[in-house]
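Enquirer: Mind having a look at this structure? Questions to follow.
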Amino acid sequence: MEGHSTYQPKSKVARWFESRLPLVGLVHSSAIAYPVPKNLNYFWTFGAILTLMLVVQILSGVVLAMHYTAYAPVSFARVEHIMRDVDFGWLIRYIHANGASMFFIAVYIHMFRGMYYGSYKAPREVLWILGVIIYLLMMATAFMGYVLPWGQMSYWGATVITNLFSAIPIVGETIVQWLWGGYSVGDPTLNRFFSLHYLLPFMIAGVVILHIWALHHVGQNNPDGIDVKSVAKDTVPFTPYATIKDVFAMVVFLLFFSWFIFYAPNYMGHPDNYIPANPLSTPAHIVPEWYFLPFYAILRSIPDKLGGVICMFGAIAVLAFLPWLDTSRVRSAKYRPLFRQFFWIFSIVAVGLGYLGSQPAEGGYVIASRIFTAYYFVHFLVILPLLGFIEKPKPLPASIADAVLAKNGGAGGATVVAGASAPQTKG
Amino acid sequence: MAHAETPQTTRRDFLYIATGAVGAVGVAGMVWPFVAQLQPDASVLALSTTEVDLAPIAEGQIVTAQWRGKPIFIFNRAPKDVEAARAVPLKDLIDPQSDQDRVKAGHDNWLVVIGICTHLGCVPIGHQGNYDGWFCPCHGSQYDSSGRVRVGPAPLNLPVPPYTFTSDTKITIG
Ligand code: HEM
Ligand code: FES
């Protein structure tokens, strides 16, 4: 699907440069001439939105770092200094703090999009796994960033999460001390987290490049989950079609983002993080940032320390195996009547786990968390593998062009039996 | 032919392996400092001992001291707390240990423990929970009046730090 570059340098200088480094040609083939399936919907704009959010986080973060100091006795005050003394410091901090939440909103939509339309299936397994790696790096980055303002939630969040590693038999305690650089979370921890918080976003940028490379090598999936058969009939060039659609979606997303920055900047934060860190007193009700809540609920639902940690990491790791756990040859849920229902049940369970993670670990909440946790794993390990054998998919359209015409009331309804145009062999 | 080549090939193989081995040792030697720098450093290790005066601590009161950056709970237990801790059969405990093994003989009312939940490290709250001891606000573990875990997810009792009575009303932790 790689669009061969049709770029022809016009000026002499451009020709000279292109024959030495074909950079403009690369940009041309991947962002201008690149063929995009005709039937993409707005869920396909979240990749562009995510790229935008990465840039927003890096720009606002680098500016914050100019005014911030990673030293336990002063870090809390330095963040307040950014808020009160630095011109527009409040704006930049609220962009960065809310930007992290927006980043996760976008990534969750992006991931559920992939699950609904079967974007992880052959030949996109590597593309999907690179996505899982980005998601892991994002979680590590956001976790370490949240420690930097050195409030109560920063401190106790860092304590609980680093202590997860103490569940590892024999070497656990040592690993935790090495993460801390001490016997508890303290100044050495804060310093190394700042260093890594600065580094990881650039590693994310690196993996994003691989992710896009893999994408452009195999081509985009689409709402009908069928392959492009004819570039001329099934696709449109990236520019102007996808470019303008992406820009429009980004603007709408920025409006949503701005509403939080200007009208509810602390809505997604926790008030306890405006209390300076106190190593001698844990807040009565500690919760992680909202984007970690489902995994936190899984951790707490298991009454055994090591078991809880294994399930929590397992819940993320299982995503990487999704391409092989889903045995159906049809990609899109549009043509998978049973899968579509299970997808929605799974979505409700995932959001439900998030809600349970925000509630205290007692009584009915614990029981509900256990049921939901069990369902989470059953979905991936039992339901998805079996569905491929049980389900009778609906007939797939013969081509993307046919699907588009059929949708627009045309009669181009030539269909083929499901599976006949199945993706490349599993591998 | 084969005869002429064999010694040469062997010699080259040896050089490859020897070079590789020297390189691997060099890399390992360079990696170690980058890993070891993560350990608690000398300034952290230097915070070795803490002295606490017990005289002002009333019966039934829990105070929190600090040792190596960690909270230490010092609990002046009332006789009923000691009795309750000693009345429990060991087989009912998650991490069986007798109360006598957790205090200094002759100072049985004094319980000194590291105030860090053995689950994921929160500081439990005193005089809460169902066992006259502590309740952890993070994930609901409960400890009794001997600092032993009675309700999970915490797997272990609150550890007793190394300490000695330097007089009847003074202890040195560490
Ligand atoms: C993947 C991109 C990033 C994410 C998801 C992220 C996330 C976060 C989060 C959640 C916070 C805590 C905000 C608060 O509650 O105050 C934070 C703080 C901070 N971040 Fe980032 N960050 C990213 C990139 C960066 C970069 C590239 C830098 C550059 C050095 C940076 C520098 C900082 C600084 C100095 C703070 C402390 C100031 C503050 O708390 O507002 N961040 N980050
Ligand atoms: S940290 Fe105390 S129960 Fe989890």
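Chains: A, B, ... in order of the structure tokens. Residues: from 1 per chain. Ligands: from 1, in order shown.
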Which chain B residues have any atom within 7 Å of an atom of chain A, and for each, what is the nearest pair of atoms with distance in Å to one decimal, counting only C-alpha atoms, rows sorted by chain and number, as a Markdown table?

Expert:
| residue | atom | partner | partner_atom | distance |
| --- | --- | --- | --- | --- |
| B:Leu38 | CA | A:Trp178 | CA | 5.1 |
| B:Gln39 | CA | A:Trp178 | CA | 4.8 |
| B:Pro40 | CA | A:Gly181 | CA | 4.2 |
| B:Asp41 | CA | A:Gly181 | CA | 6.9 |
| B:Val44 | CA | A:Gly182 | CA | 6.2 |
| B:Arg68 | CA | A:Tyr183 | CA | 6.7 |
| B:Gly69 | CA | A:Ser184 | CA | 6.4 |
| B:Lys70 | CA | A:Ser184 | CA | 6.6 |
| B:Pro71 | CA | A:Leu280 | CA | 5.7 |
| B:His119 | CA | A:Lys305 | CA | 6.6 |
| B:Leu120 | CA | A:Val160 | CA | 4.9 |
| B:Gly121 | CA | A:Val160 | CA | 5.9 |
| B:Cys122 | CA | A:Thr282 | CA | 6.0 |
| B:Val123 | CA | A:Thr282 | CA | 5.4 |
| B:Pro137 | CA | A:Ala284 | CA | 5.3 |
| B:Cys138 | CA | A:Ile286 | CA | 6.1 |
| B:His139 | CA | A:Ala361 | CA | 5.7 |
| B:Gly140 | CA | A:Ala361 | CA | 6.5 |
| B:Gly152 | CA | A:Pro303 | CA | 6.5 |
| B:Pro153 | CA | A:Pro303 | CA | 5.0 |
| B:Ala154 | CA | A:Lys305 | CA | 6.8 |
| B:Pro155 | CA | A:Lys305 | CA | 6.8 |

Enquirer: I want to know what sits within 12 Å of Pro9 of chain A, based on only C-alpha atoms, with residues of the same chain fewer than 5 positions away left out; could you give that as a VMD selection string?

Expert: chain A and resid 14 to 19 22 to 25 28

Enquirer: Could you save those same residues with C-alpha atoms as an mmCIF file, in the first residue's frame?

Expert:
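Generated file (out.cif):
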data_model
loop_
_atom_site.group_PDB
_atom_site.id
_atom_site.type_symbol
_atom_site.label_atom_id
_atom_site.label_comp_id
_atom_site.auth_asym_id
_atom_site.auth_seq_id
_atom_site.Cartn_x
_atom_site.Cartn_y
_atom_site.Cartn_z
ATOM 1 C CA ALA A 14 15.180 21.215 -4.345
ATOM 2 C CA ARG A 15 16.514 18.730 -6.877
ATOM 3 C CA TRP A 16 20.012 19.105 -5.472
ATOM 4 C CA PHE A 17 18.753 18.505 -1.942
ATOM 5 C CA GLU A 18 16.408 15.643 -2.853
ATOM 6 C CA SER A 19 19.202 13.675 -4.521
ATOM 7 C CA PRO A 22 14.985 12.491 -0.031
ATOM 8 C CA LEU A 23 13.221 14.115 2.920
ATOM 9 C CA VAL A 24 10.655 16.167 1.051
ATOM 10 C CA GLY A 25 9.756 13.113 -0.986
ATOM 11 C CA HIS A 28 5.116 14.029 0.255
#

Enquirer: So, counting only C-alpha atoms and all ligand atoms, which residue among A:Ile129, A:Met203, A:Ile168, A:Met250 is closest to ligand 1?

Expert: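 That would be A:Met203, the residue with the smallest distance to ligand 1.
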
Enquirer: Using only C-alpha atoms, which protein or nucleic acid residues come within 7 Å of Arg331 of chain A? Drop anything in the same chain fewer than 5 positions from it, and give the result as a VMD selection string.

Expert: chain A and resid 117 to 119 121 225

Enquirer: Could those residues be written to a file, using all heavy atoms, as an mmCIF file, in the first residue's frame?

Expert:
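That gives us again30.cif:
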data_model
loop_
_atom_site.group_PDB
_atom_site.id
_atom_site.type_symbol
_atom_site.label_atom_id
_atom_site.label_comp_id
_atom_site.auth_asym_id
_atom_site.auth_seq_id
_atom_site.Cartn_x
_atom_site.Cartn_y
_atom_site.Cartn_z
ATOM 1 N N TYR A 117 -13.044 -2.247 15.261
ATOM 2 C CA TYR A 117 -12.897 -2.503 13.830
ATOM 3 C C TYR A 117 -11.845 -3.559 13.507
ATOM 4 O O TYR A 117 -11.475 -3.737 12.357
ATOM 5 C CB TYR A 117 -12.593 -1.193 13.101
ATOM 6 C CG TYR A 117 -13.751 -0.209 13.153
ATOM 7 C CD1 TYR A 117 -13.659 0.969 13.893
ATOM 8 C CD2 TYR A 117 -14.937 -0.485 12.470
ATOM 9 C CE1 TYR A 117 -14.726 1.865 13.950
ATOM 10 C CE2 TYR A 117 -16.005 0.397 12.524
ATOM 11 C CZ TYR A 117 -15.894 1.567 13.258
ATOM 12 O OH TYR A 117 -16.948 2.436 13.307
ATOM 13 N N GLY A 118 -11.329 -4.237 14.549
ATOM 14 C CA GLY A 118 -10.368 -5.321 14.312
ATOM 15 C C GLY A 118 -9.071 -4.862 13.677
ATOM 16 O O GLY A 118 -8.450 -5.585 12.902
ATOM 17 N N SER A 119 -8.624 -3.663 14.045
ATOM 18 C CA SER A 119 -7.421 -3.118 13.403
ATOM 19 C C SER A 119 -6.147 -3.846 13.805
ATOM 20 O O SER A 119 -5.096 -3.592 13.241
ATOM 21 C CB SER A 119 -7.270 -1.635 13.756
ATOM 22 O OG SER A 119 -8.374 -0.907 13.285
ATOM 23 N N LYS A 121 -5.699 -7.047 13.593
ATOM 24 C CA LYS A 121 -5.528 -8.325 12.896
ATOM 25 C C LYS A 121 -4.545 -8.214 11.745
ATOM 26 O O LYS A 121 -4.265 -7.126 11.253
ATOM 27 C CB LYS A 121 -6.882 -8.796 12.385
ATOM 28 C CG LYS A 121 -7.793 -9.152 13.543
ATOM 29 C CD LYS A 121 -9.076 -9.772 13.070
ATOM 30 C CE LYS A 121 -10.013 -9.798 14.257
ATOM 31 N NZ LYS A 121 -11.278 -10.417 13.904
ATOM 32 N N GLY A 225 -13.384 -2.916 7.447
ATOM 33 C CA GLY A 225 -12.380 -3.941 7.719
ATOM 34 C C GLY A 225 -11.972 -4.754 6.512
ATOM 35 O O GLY A 225 -11.518 -5.885 6.644
#

Enquirer: Going by DSSP on the backbone, which bits of segment 221-316 of chain A are alpha helix (DSSP H)? Write them as a PyMOL selection string, please.

Expert: chain A and resi 231-234+243-263+293-301+305-316

Enquirer: Could you pull the residues within 10 Å of His127 of chain B, counting only C-alpha atoms, minus those fewer than 3 positions along the same chain, as number ranges by chain?

Expert: B: 60-62, 124, 130-135, 143-145

Enquirer: Residues within 8 Å of Ser399 of chain A, please, as a PyMOL selection string. Count only C-alpha atoms; anything in the same chain fewer than 4 positions from it doesn't count.

Expert: chain A and resi 226-229+234+403

Enquirer: At a cut-off of 10 Å, using only C-alpha atoms, what residues contact Thr239 of chain A? Leave out same-chain residues fewer than 6 positions from it and give the result as a list in words.

Expert: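 Here the answer would be His28, Ser30, Ala31, Ile32, Ala33, Tyr34, Pro35, Val36 and Lys245 of chain A.
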
Enquirer: Tell me which protein, DNA and RNA residues are within 12 Å of Val126 of chain A, counting only C-alpha atoms, leaving out same-chain ones fewer than 2 positions away, and put them as a short mmCIF file (atom, residue, chain, number, x, y, z; two decimals) with all heavy atoms, in the first residue's frame.

Expert:
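Saved file result25.cif follows:
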data_model
loop_
_atom_site.label_atom_id
_atom_site.label_comp_id
_atom_site.auth_asym_id
_atom_site.auth_seq_id
_atom_site.Cartn_x
_atom_site.Cartn_y
_atom_site.Cartn_z
N SER A 119 -8.62 -3.66 14.05
CA SER A 119 -7.42 -3.12 13.40
C SER A 119 -6.15 -3.85 13.81
O SER A 119 -5.10 -3.59 13.24
CB SER A 119 -7.27 -1.64 13.76
OG SER A 119 -8.37 -0.91 13.28
N TYR A 120 -6.24 -4.72 14.80
CA TYR A 120 -5.03 -5.41 15.27
C TYR A 120 -4.75 -6.67 14.47
O TYR A 120 -3.73 -7.30 14.65
CB TYR A 120 -5.17 -5.77 16.76
CG TYR A 120 -6.51 -6.38 17.09
CD1 TYR A 120 -6.76 -7.72 16.84
CD2 TYR A 120 -7.54 -5.59 17.60
CE1 TYR A 120 -7.99 -8.27 17.10
CE2 TYR A 120 -8.78 -6.13 17.86
CZ TYR A 120 -9.01 -7.48 17.61
OH TYR A 120 -10.24 -8.03 17.86
N LYS A 121 -5.70 -7.05 13.59
CA LYS A 121 -5.53 -8.33 12.90
C LYS A 121 -4.54 -8.21 11.75
O LYS A 121 -4.26 -7.13 11.25
CB LYS A 121 -6.88 -8.80 12.38
CG LYS A 121 -7.79 -9.15 13.54
CD LYS A 121 -9.08 -9.77 13.07
CE LYS A 121 -10.01 -9.80 14.26
NZ LYS A 121 -11.28 -10.42 13.90
N ALA A 122 -4.06 -9.38 11.28
CA ALA A 122 -3.09 -9.43 10.20
C ALA A 122 -3.53 -8.50 9.07
O ALA A 122 -4.71 -8.48 8.73
CB ALA A 122 -2.96 -10.86 9.69
N PRO A 123 -2.64 -7.74 8.49
CA PRO A 123 -1.19 -7.71 8.74
C PRO A 123 -0.78 -6.57 9.70
O PRO A 123 0.30 -6.02 9.55
CB PRO A 123 -0.65 -7.45 7.34
CG PRO A 123 -1.69 -6.52 6.73
CD PRO A 123 -3.02 -6.89 7.37
N ARG A 124 -1.61 -6.22 10.68
CA ARG A 124 -1.30 -5.05 11.51
C ARG A 124 -0.88 -5.41 12.93
O ARG A 124 -1.00 -4.58 13.83
CB ARG A 124 -2.50 -4.10 11.55
CG ARG A 124 -2.88 -3.59 10.16
CD ARG A 124 -3.92 -2.52 10.14
NE ARG A 124 -4.18 -2.15 8.76
CZ ARG A 124 -4.96 -2.85 7.93
NH1 ARG A 124 -5.58 -3.93 8.36
NH2 ARG A 124 -5.10 -2.47 6.67
N TRP A 128 -0.08 -2.78 16.00
CA TRP A 128 -0.86 -2.82 17.24
C TRP A 128 0.07 -2.93 18.46
O TRP A 128 -0.10 -2.23 19.46
CB TRP A 128 -1.84 -4.00 17.19
CG TRP A 128 -2.57 -4.26 18.46
CD1 TRP A 128 -2.26 -5.19 19.41
CD2 TRP A 128 -3.73 -3.56 18.96
NE1 TRP A 128 -3.15 -5.13 20.45
CE2 TRP A 128 -4.06 -4.15 20.20
CE3 TRP A 128 -4.51 -2.52 18.47
CZ2 TRP A 128 -5.15 -3.72 20.97
CZ3 TRP A 128 -5.60 -2.09 19.23
CH2 TRP A 128 -5.90 -2.68 20.47
N ILE A 129 1.07 -3.81 18.37
CA ILE A 129 1.97 -4.00 19.53
C ILE A 129 2.77 -2.72 19.78
O ILE A 129 2.98 -2.33 20.94
CB ILE A 129 2.89 -5.22 19.30
CG1 ILE A 129 2.03 -6.49 19.37
CG2 ILE A 129 4.01 -5.27 20.32
CD1 ILE A 129 2.73 -7.75 18.95
N LEU A 130 3.17 -2.04 18.73
CA LEU A 130 3.86 -0.75 18.94
C LEU A 130 2.93 0.20 19.68
O LEU A 130 3.35 0.97 20.54
CB LEU A 130 4.29 -0.15 17.60
CG LEU A 130 5.47 -0.85 16.92
CD1 LEU A 130 5.62 -0.39 15.48
CD2 LEU A 130 6.76 -0.59 17.70
N GLY A 131 1.64 0.14 19.36
CA GLY A 131 0.67 0.97 20.08
C GLY A 131 0.62 0.62 21.56
O GLY A 131 0.58 1.49 22.42
N VAL A 132 0.64 -0.68 21.86
CA VAL A 132 0.62 -1.09 23.27
C VAL A 132 1.87 -0.56 23.99
O VAL A 132 1.81 -0.11 25.13
CB VAL A 132 0.50 -2.63 23.40
CG1 VAL A 132 0.60 -3.06 24.86
CG2 VAL A 132 -0.80 -3.12 22.79
N ILE A 133 3.01 -0.58 23.28
CA ILE A 133 4.25 -0.07 23.89
C ILE A 133 4.11 1.43 24.16
O ILE A 133 4.50 1.93 25.22
CB ILE A 133 5.46 -0.37 22.98
CG1 ILE A 133 5.68 -1.89 22.93
CG2 ILE A 133 6.72 0.34 23.47
CD1 ILE A 133 6.72 -2.33 21.93
N VAL A 207 8.88 5.86 19.20
CA VAL A 207 8.02 4.71 18.90
C VAL A 207 6.86 5.14 18.00
O VAL A 207 6.40 4.36 17.16
CB VAL A 207 7.52 4.04 20.21
CG1 VAL A 207 6.71 2.79 19.88
CG2 VAL A 207 8.69 3.67 21.10
N LEU A 210 7.94 4.74 14.51
CA LEU A 210 7.84 3.33 14.07
C LEU A 210 6.38 2.94 13.81
O LEU A 210 6.07 2.24 12.85
CB LEU A 210 8.43 2.41 15.15
CG LEU A 210 9.92 2.52 15.42
CD1 LEU A 210 10.34 1.53 16.48
CD2 LEU A 210 10.71 2.27 14.14
N HIS A 211 5.49 3.41 14.69
CA HIS A 211 4.06 3.11 14.60
C HIS A 211 3.51 3.62 13.26
O HIS A 211 2.81 2.91 12.55
CB HIS A 211 3.41 3.82 15.79
CG HIS A 211 1.97 3.52 16.06
ND1 HIS A 211 1.53 2.32 16.55
CD2 HIS A 211 0.86 4.30 15.96
CE1 HIS A 211 0.22 2.37 16.74
NE2 HIS A 211 -0.22 3.57 16.38
N ILE A 212 3.87 4.83 12.90
CA ILE A 212 3.37 5.41 11.65
C ILE A 212 4.03 4.74 10.44
O ILE A 212 3.39 4.51 9.42
CB ILE A 212 3.58 6.95 11.65
CG1 ILE A 212 2.73 7.57 12.76
CG2 ILE A 212 3.22 7.55 10.30
CD1 ILE A 212 2.90 9.05 12.92
N TRP A 213 5.28 4.39 10.62
CA TRP A 213 5.98 3.67 9.55
C TRP A 213 5.26 2.35 9.27
O TRP A 213 4.92 2.03 8.11
CB TRP A 213 7.43 3.44 9.97
CG TRP A 213 8.32 2.83 8.93
CD1 TRP A 213 8.01 2.59 7.62
CD2 TRP A 213 9.65 2.37 9.13
NE1 TRP A 213 9.09 2.01 7.00
CE2 TRP A 213 10.11 1.87 7.89
CE3 TRP A 213 10.53 2.35 10.22
CZ2 TRP A 213 11.39 1.35 7.73
CZ3 TRP A 213 11.80 1.83 10.06
CH2 TRP A 213 12.23 1.34 8.83
N ALA A 214 5.00 1.60 10.35
CA ALA A 214 4.29 0.33 10.20
C ALA A 214 2.91 0.56 9.56
O ALA A 214 2.48 -0.20 8.69
CB ALA A 214 4.14 -0.37 11.55
N LEU A 215 2.24 1.63 9.98
CA LEU A 215 0.91 1.94 9.44
C LEU A 215 0.98 2.19 7.94
O LEU A 215 0.19 1.66 7.16
CB LEU A 215 0.35 3.18 10.13
CG LEU A 215 -0.94 3.74 9.54
CD1 LEU A 215 -2.10 2.82 9.86
CD2 LEU A 215 -1.23 5.14 10.03
N HIS A 217 3.20 1.22 5.94
CA HIS A 217 3.67 0.06 5.20
C HIS A 217 2.51 -0.88 4.87
O HIS A 217 2.40 -1.39 3.77
CB HIS A 217 4.74 -0.66 6.01
CG HIS A 217 5.34 -1.82 5.28
ND1 HIS A 217 6.10 -1.65 4.14
CD2 HIS A 217 5.26 -3.15 5.49
CE1 HIS A 217 6.47 -2.84 3.70
NE2 HIS A 217 5.97 -3.76 4.50
N VAL A 218 1.62 -1.12 5.86
CA VAL A 218 0.52 -2.07 5.62
C VAL A 218 -0.77 -1.39 5.20
O VAL A 218 -1.69 -2.04 4.72
CB VAL A 218 0.25 -2.94 6.87
CG1 VAL A 218 1.46 -3.80 7.18
CG2 VAL A 218 -0.12 -2.08 8.07
N ALA A 320 -1.40 -7.06 24.20
CA ALA A 320 -0.38 -7.33 23.18
C ALA A 320 -0.67 -8.64 22.44
O ALA A 320 -0.23 -8.83 21.31
CB ALA A 320 1.00 -7.37 23.81
N PHE A 321 -1.43 -9.55 23.08
CA PHE A 321 -1.70 -10.85 22.46
C PHE A 321 -3.03 -10.87 21.71
O PHE A 321 -3.41 -11.88 21.14
CB PHE A 321 -1.68 -11.94 23.53
CG PHE A 321 -0.34 -12.09 24.17
CD1 PHE A 321 -0.04 -11.44 25.37
CD2 PHE A 321 0.66 -12.82 23.55
CE1 PHE A 321 1.22 -11.54 25.93
CE2 PHE A 321 1.92 -12.93 24.11
CZ PHE A 321 2.20 -12.28 25.30
N LEU A 322 -3.72 -9.73 21.75
CA LEU A 322 -5.04 -9.66 21.12
C LEU A 322 -5.07 -10.19 19.68
O LEU A 322 -5.99 -10.92 19.32
CB LEU A 322 -5.53 -8.21 21.20
CG LEU A 322 -6.96 -7.91 20.82
CD1 LEU A 322 -7.92 -8.84 21.54
CD2 LEU A 322 -7.29 -6.46 21.15
N PRO A 323 -4.07 -9.87 18.83
CA PRO A 323 -4.14 -10.35 17.46
C PRO A 323 -4.24 -11.87 17.36
O PRO A 323 -4.77 -12.38 16.39
CB PRO A 323 -2.81 -9.87 16.85
CG PRO A 323 -2.39 -8.72 17.69
CD PRO A 323 -2.92 -8.99 19.07
N TRP A 324 -3.76 -12.58 18.34
CA TRP A 324 -3.79 -14.04 18.28
C TRP A 324 -4.93 -14.62 19.12
O TRP A 324 -5.28 -15.77 18.97
CB TRP A 324 -2.43 -14.60 18.71
CG TRP A 324 -1.39 -14.17 17.72
CD1 TRP A 324 -1.11 -14.77 16.52
CD2 TRP A 324 -0.54 -13.02 17.80
NE1 TRP A 324 -0.14 -14.06 15.85
CE2 TRP A 324 0.24 -12.99 16.62
CE3 TRP A 324 -0.35 -12.02 18.75
CZ2 TRP A 324 1.18 -12.00 16.36
CZ3 TRP A 324 0.59 -11.04 18.49
CH2 TRP A 324 1.34 -11.03 17.31
N GLY A 427 -0.40 -14.76 11.51
CA GLY A 427 1.00 -15.11 11.67
C GLY A 427 1.67 -14.52 12.80
O GLY A 427 1.92 -13.45 13.01
#

Enquirer: Figure out the distance between atom CA of Leu384 of chain A and atom CA of Phe372 of chain A, please, to one decimal in Å.

Expert: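 One can read the atom CA of Phe372 of chain A to atom CA of Leu384 of chain A distance as 16.4 Å.
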
Enquirer: Mind listing the strand (DSSP E) residues of segment 27-166 of chain B, per DSSP on the backbone, as a ChimeraX atom specification?

Expert: /B:50-53,62-67,70-76,110-114,125-126,134-135,142-143,149-151,163-166

Enquirer: Include N, CA and C atoms and write out the residues we just selected as a CSV table (one decimal), in the first residue's frame.

Expert:
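The result, stored in again-v5.csv:
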chain,number,residue,atom,x,y,z
B,50,THR,N,17.8,6.9,65.9
B,50,THR,CA,16.9,7.9,66.4
B,50,THR,C,16.6,7.6,67.9
B,51,GLU,N,16.6,8.6,68.7
B,51,GLU,CA,16.3,8.4,70.2
B,51,GLU,C,14.9,8.9,70.5
B,52,VAL,N,14.2,8.2,71.2
B,52,VAL,CA,12.8,8.6,71.6
B,52,VAL,C,12.6,8.5,73.1
B,53,ASP,N,12.1,9.6,73.7
B,53,ASP,CA,11.8,9.7,75.1
B,53,ASP,C,10.4,9.2,75.3
B,62,ILE,N,-0.7,6.4,71.0
B,62,ILE,CA,0.3,6.0,69.9
B,62,ILE,C,1.0,7.3,69.4
B,63,VAL,N,2.3,7.3,69.5
B,63,VAL,CA,3.0,8.4,68.8
B,63,VAL,C,3.8,7.9,67.6
B,64,THR,N,4.1,8.8,66.7
B,64,THR,CA,4.8,8.5,65.5
B,64,THR,C,6.2,9.2,65.5
B,65,ALA,N,7.3,8.4,65.5
B,65,ALA,CA,8.6,9.0,65.4
B,65,ALA,C,9.1,8.7,64.0
B,66,GLN,N,10.2,9.3,63.6
B,66,GLN,CA,10.7,9.1,62.3
B,66,GLN,C,12.1,8.5,62.3
B,67,TRP,N,12.4,7.4,61.6
B,67,TRP,CA,13.7,6.8,61.5
B,67,TRP,C,14.0,6.4,60.1
B,70,LYS,N,11.3,6.8,57.7
B,70,LYS,CA,10.0,6.0,57.8
B,70,LYS,C,9.3,6.3,59.1
B,71,PRO,N,8.0,6.3,59.2
B,71,PRO,CA,7.3,6.4,60.4
B,71,PRO,C,7.5,5.2,61.3
B,72,ILE,N,7.7,5.5,62.6
B,72,ILE,CA,7.8,4.4,63.6
B,72,ILE,C,6.6,4.6,64.6
B,73,PHE,N,5.8,3.6,64.8
B,73,PHE,CA,4.7,3.8,65.7
B,73,PHE,C,5.2,3.3,67.1
B,74,ILE,N,5.0,4.1,68.1
B,74,ILE,CA,5.3,3.7,69.5
B,74,ILE,C,4.0,3.7,70.3
B,75,PHE,N,3.5,2.5,70.7
B,75,PHE,CA,2.2,2.4,71.3
B,75,PHE,C,2.4,2.0,72.7
B,76,ASN,N,1.9,2.8,73.7
B,76,ASN,CA,1.9,2.5,75.1
B,76,ASN,C,0.6,1.7,75.4
B,110,TRP,N,5.1,-1.8,75.8
B,110,TRP,CA,5.6,-0.9,74.7
B,110,TRP,C,5.6,-1.7,73.4
B,111,LEU,N,4.9,-1.3,72.4
B,111,LEU,CA,5.0,-1.9,71.1
B,111,LEU,C,5.7,-0.9,70.2
B,112,VAL,N,6.8,-1.3,69.5
B,112,VAL,CA,7.5,-0.4,68.6
B,112,VAL,C,7.5,-1.1,67.2
B,113,VAL,N,6.8,-0.5,66.2
B,113,VAL,CA,6.8,-1.1,64.9
B,113,VAL,C,7.0,0.0,63.8
B,114,ILE,N,7.4,-0.5,62.7
B,114,ILE,CA,7.6,0.4,61.5
B,114,ILE,C,6.2,0.6,61.0
B,125,ILE,N,-3.7,4.0,60.0
B,125,ILE,CA,-4.3,4.9,61.0
B,125,ILE,C,-4.5,4.2,62.3
B,126,GLY,N,-4.0,4.8,63.4
B,126,GLY,CA,-4.1,4.1,64.7
B,126,GLY,C,-5.5,4.2,65.3
B,134,TRP,N,-4.5,-0.9,64.0
B,134,TRP,CA,-4.5,0.0,62.9
B,134,TRP,C,-5.4,-0.4,61.8
B,135,PHE,N,-5.7,0.6,61.0
B,135,PHE,CA,-6.5,0.3,59.8
B,135,PHE,C,-5.8,1.1,58.7
B,142,GLN,N,-6.0,-4.5,58.1
B,142,GLN,CA,-6.2,-4.2,59.5
B,142,GLN,C,-5.1,-4.9,60.3
B,143,TYR,N,-4.6,-4.2,61.3
B,143,TYR,CA,-3.6,-4.8,62.2
B,143,TYR,C,-4.1,-4.7,63.7
B,149,VAL,N,-0.9,-8.4,61.2
B,149,VAL,CA,-2.0,-8.3,60.2
B,149,VAL,C,-3.1,-9.2,60.5
B,150,ARG,N,-4.3,-8.7,60.5
B,150,ARG,CA,-5.5,-9.6,60.8
B,150,ARG,C,-6.4,-9.7,59.6
B,151,VAL,N,-6.4,-8.6,58.8
B,151,VAL,CA,-7.2,-8.6,57.6
B,151,VAL,C,-6.4,-8.2,56.4
B,163,TYR,N,15.8,-2.0,68.0
B,163,TYR,CA,15.8,-0.9,69.0
B,163,TYR,C,16.2,-1.5,70.3
B,164,THR,N,16.7,-0.6,71.2
B,164,THR,CA,17.1,-1.1,72.6
B,164,THR,C,16.6,0.0,73.6
B,165,PHE,N,16.3,-0.5,74.8
B,165,PHE,CA,15.9,0.4,75.9
B,165,PHE,C,17.2,0.9,76.5
B,166,THR,N,17.5,2.2,76.4
B,166,THR,CA,18.7,2.7,77.0
B,166,THR,C,18.5,3.1,78.4

Enquirer: Please indicate the distance in Å from atom CA of Val251 of chain A to atom CA of Pro223 of chain A, rounded to one decimal place.

Expert: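 Atom CA of Pro223 of chain A lies at a distance of 23.0 Å from atom CA of Val251 of chain A.
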